[in-house]
Amino acid sequence: MKLETRKIPESEPEMVEIRYHWITDEIQEIISFVKSRQGQLSATRDGKRFEVPVVDLFYAESVDDRLFLYTASDSYEIRMKLYELEDLLKHKSFLRVSKSMIVNLMKITSVRPALNGRFSAILKNGEEIIISRKYVPALKQILKGGES
Amino acid sequence: MTGQKWKELLIHTIRLYTLLVTLITVLMMLLGNLLDRGRVFSYDAFVSPLVYALIGTVATVITRSDKELSAWSLIIRKAVSLMLIEGAVILIALNADTIPTEKSWVIPGLALGVFVVFVLTHIILYLIDKKEAEKLNADLFRYQEKQMNEQAAERQAGK
């Protein structure tokens with residue numbers, strides 16, 4: 001695929017144009033990446049494609065090599081690896097809280113101790129997720145204003 | 001195991017060991033005063049809480065898991081840990097000249113004492129975690145407020 005970049009005057013709006021013959025997996029990946037940078041994620045539910053705003057996302061969980069996004073009441077599947085999504089959303093208040101999950105810190109109502117030194121987070125939709133003790137230091141650091 | 005995990009394990013172990021030494025010393029003082037008041041010990045007796053706490057700490061650390069355990073797996077692990085501690089303490093008591101195991105109440109008393117210390121340790125560790133959760137909640141509230149203010153400012157600037 002040929003890549004072309006062009007410097008433009010500040011008076012013109014910045015844009016990304018993708019010219020394609022067919023929407024292949026590769027093209028779809030590029031589209032998803034650009035949309036995620038704009039605050040949206042391309043995901044599917046019941047075979048239909050949806051644009052999920054990142055701000056609506058509660059958490060993302062990897063189950064059997066498939067990645068699912070959860071909003072207040074819906075779930076979607078996204079064709080991405082958890083670490084890729086984590087990397088994409090790390091500056092948008094998302095944090096890894098267990099081996100298979102990243103959570104939106106803006107959607108946590110409170111944190112309470114769970115068994116065995118772990119913590120659980122109560123989300124704004126009433127769901128409860130586990131924060132592994134391994135990730136608690138990173139959580140403390142980010143809440144104190146540092147990067148995880 | 002990463003450096004962070006080693007550090008966390010070390011902190012957990014030191015905290016547990018210190019807590020166990022304290023609780024065992026208090027328990028020995030209480031049980032001794034209640035049940036065997038007239039007994040006189042040498043300075044060696046000061047070592048016993050340290051040894052018992054070491055047994056408790058080792059049994060807890062070796063049964064600790066970094067995996068996401070279900071509530072049942074966790075209870076089973078804790079039960080195994082308690083049995084290991086009970087077994088080790090009773091074995092030491094049976095071989096120690098200073099502990100009057102010939103008296104009928106000593107072994108059940110020891111077993112009960114170990115159980116009480118085990119439960120108390122978990123309650124205290126839970127309370128420490130609860131305090132930590134309160135701190136996390138305060139930090140989380142501040143973080144969310146700051147993020148919302150920043151987003152509002154960005155929207156304002158974009159208008």
# chains A, B, ... in the order shown; residues from 1 in each chain; ligands from 1
>>> interface_residues(of="chain B", to="chain A", cutoff="6 Å", atoms="only C-alpha atoms", output="list in words")
Asp129, Lys130, Ala133, Asn137, Asp139, Leu140, Tyr143 and Gln144 of chain B
>>> residues_around(residues="B:Thr22", least_positions_apart="2", cutoff="12 Å", atoms="only C-alpha atoms", output="list in words")
Arg15, Leu16, Tyr17, Thr18, Leu19, Leu20, Ile24, Thr25, Val26, Leu27, Met28, Met29, Phe46, Ser48, Pro49, Leu50, Tyr52, Ala53, Val117, Leu120, Thr121 and Ile124 of chain B
>>> residues_around(residues="A:Ser75", least_positions_apart="5", cutoff="9 Å", atoms="only C-alpha atoms", output="ChimeraX atom specification")
/A:44-45,68-70
>>> closest_residue(among="A:Val103, A:Trp22, A:Lys7, A:Ala72", to="A:Leu85", atoms="only C-alpha atoms")
A:Val103
>>> select_by_dssp(residues="stretch 91-123 of chain B", states="helix (DSSP H, G or I)", output="list in words")
Leu91, Ile92, Ala93, Leu94, Asn95, Val106, Ile107, Pro108, Gly109, Leu110, Ala111, Leu112, Gly113, Val114, Phe115, Val116, Val117, Phe118, Val119, Leu120, Thr121, His122 and Ile123 of chain B
>>> write_last_selection(atoms="N, CA and C atoms", output="compact mmCIF listing (two decimals), in the first residue's frame")
# COMPACT_ATOMS: atom_id res chain seq x y z
N LEU B 91 3.15 -30.06 66.31
CA LEU B 91 4.36 -30.91 66.21
C LEU B 91 5.49 -30.32 67.07
N ILE B 92 5.67 -29.03 66.99
CA ILE B 92 6.71 -28.36 67.80
C ILE B 92 6.37 -28.50 69.28
N ALA B 93 5.09 -28.29 69.61
CA ALA B 93 4.67 -28.36 71.01
C ALA B 93 4.94 -29.75 71.59
N LEU B 94 4.66 -30.77 70.79
CA LEU B 94 4.85 -32.16 71.27
C LEU B 94 6.33 -32.48 71.52
N ASN B 95 7.20 -31.80 70.79
CA ASN B 95 8.64 -32.05 70.94
C ASN B 95 9.36 -31.06 71.86
N VAL B 106 -3.87 -28.66 76.84
CA VAL B 106 -2.82 -27.92 76.14
C VAL B 106 -2.96 -28.00 74.60
N ILE B 107 -3.09 -29.21 74.07
CA ILE B 107 -3.17 -29.35 72.61
C ILE B 107 -4.44 -28.67 72.05
N PRO B 108 -5.65 -28.95 72.62
CA PRO B 108 -6.83 -28.22 72.10
C PRO B 108 -6.70 -26.70 72.28
N GLY B 109 -6.09 -26.30 73.41
CA GLY B 109 -5.89 -24.86 73.67
C GLY B 109 -5.00 -24.23 72.63
N LEU B 110 -3.91 -24.94 72.29
CA LEU B 110 -2.98 -24.45 71.25
C LEU B 110 -3.69 -24.34 69.89
N ALA B 111 -4.44 -25.42 69.57
CA ALA B 111 -5.16 -25.43 68.28
C ALA B 111 -6.14 -24.26 68.21
N LEU B 112 -6.85 -24.04 69.32
CA LEU B 112 -7.81 -22.94 69.36
C LEU B 112 -7.08 -21.59 69.25
N GLY B 113 -5.95 -21.50 69.96
CA GLY B 113 -5.15 -20.27 69.92
C GLY B 113 -4.68 -19.95 68.51
N VAL B 114 -4.19 -20.98 67.81
CA VAL B 114 -3.72 -20.79 66.42
C VAL B 114 -4.89 -20.30 65.56
N PHE B 115 -6.06 -20.92 65.76
CA PHE B 115 -7.24 -20.54 64.98
C PHE B 115 -7.60 -19.07 65.24
N VAL B 116 -7.57 -18.69 66.54
CA VAL B 116 -7.92 -17.30 66.91
C VAL B 116 -6.94 -16.32 66.24
N VAL B 117 -5.65 -16.64 66.31
CA VAL B 117 -4.64 -15.76 65.69
C VAL B 117 -4.85 -15.69 64.18
N PHE B 118 -5.16 -16.84 63.56
CA PHE B 118 -5.40 -16.90 62.12
C PHE B 118 -6.56 -15.98 61.71
N VAL B 119 -7.66 -16.11 62.47
CA VAL B 119 -8.85 -15.30 62.15
C VAL B 119 -8.56 -13.81 62.40
N LEU B 120 -7.94 -13.53 63.55
CA LEU B 120 -7.62 -12.12 63.88
C LEU B 120 -6.71 -11.49 62.82
N THR B 121 -5.73 -12.27 62.37
CA THR B 121 -4.79 -11.77 61.34
C THR B 121 -5.56 -11.35 60.09
N HIS B 122 -6.48 -12.23 59.67
CA HIS B 122 -7.24 -11.92 58.46
C HIS B 122 -8.15 -10.71 58.65
N ILE B 123 -8.72 -10.60 59.85
CA ILE B 123 -9.59 -9.44 60.11
C ILE B 123 -8.76 -8.15 60.06
>>> atom_distance(atom1="atom CA of B:Tyr126", atom2="atom CA of B:Glu86")
21.8 Å
>>> closest_residue(among="A:Val63, A:Leu123, A:Lys48, A:Arg37", to="A:Asp87", atoms="only C-alpha atoms")
A:Arg37
>>> residues_around(residues="B:Ile55", least_positions_apart="5", cutoff="8 Å", atoms="only C-alpha atoms", output="number ranges by chain")
B: 85, 88-89
>>> write_last_selection(atoms="C-alpha atoms", output="PDB file, in the first residue's frame")
ATOM      1  CA  ILE B  85       0.127 -24.039  60.668  1.00  0.00           C
ATOM      2  CA  ALA B  88       3.493 -27.488  62.547  1.00  0.00           C
ATOM      3  CA  VAL B  89       2.689 -25.752  65.856  1.00  0.00           C
TER       4      VAL B  89
END
>>> atom_distance(atom1="atom CA of B:Leu23", atom2="atom CA of B:Ser70")
28.7 Å
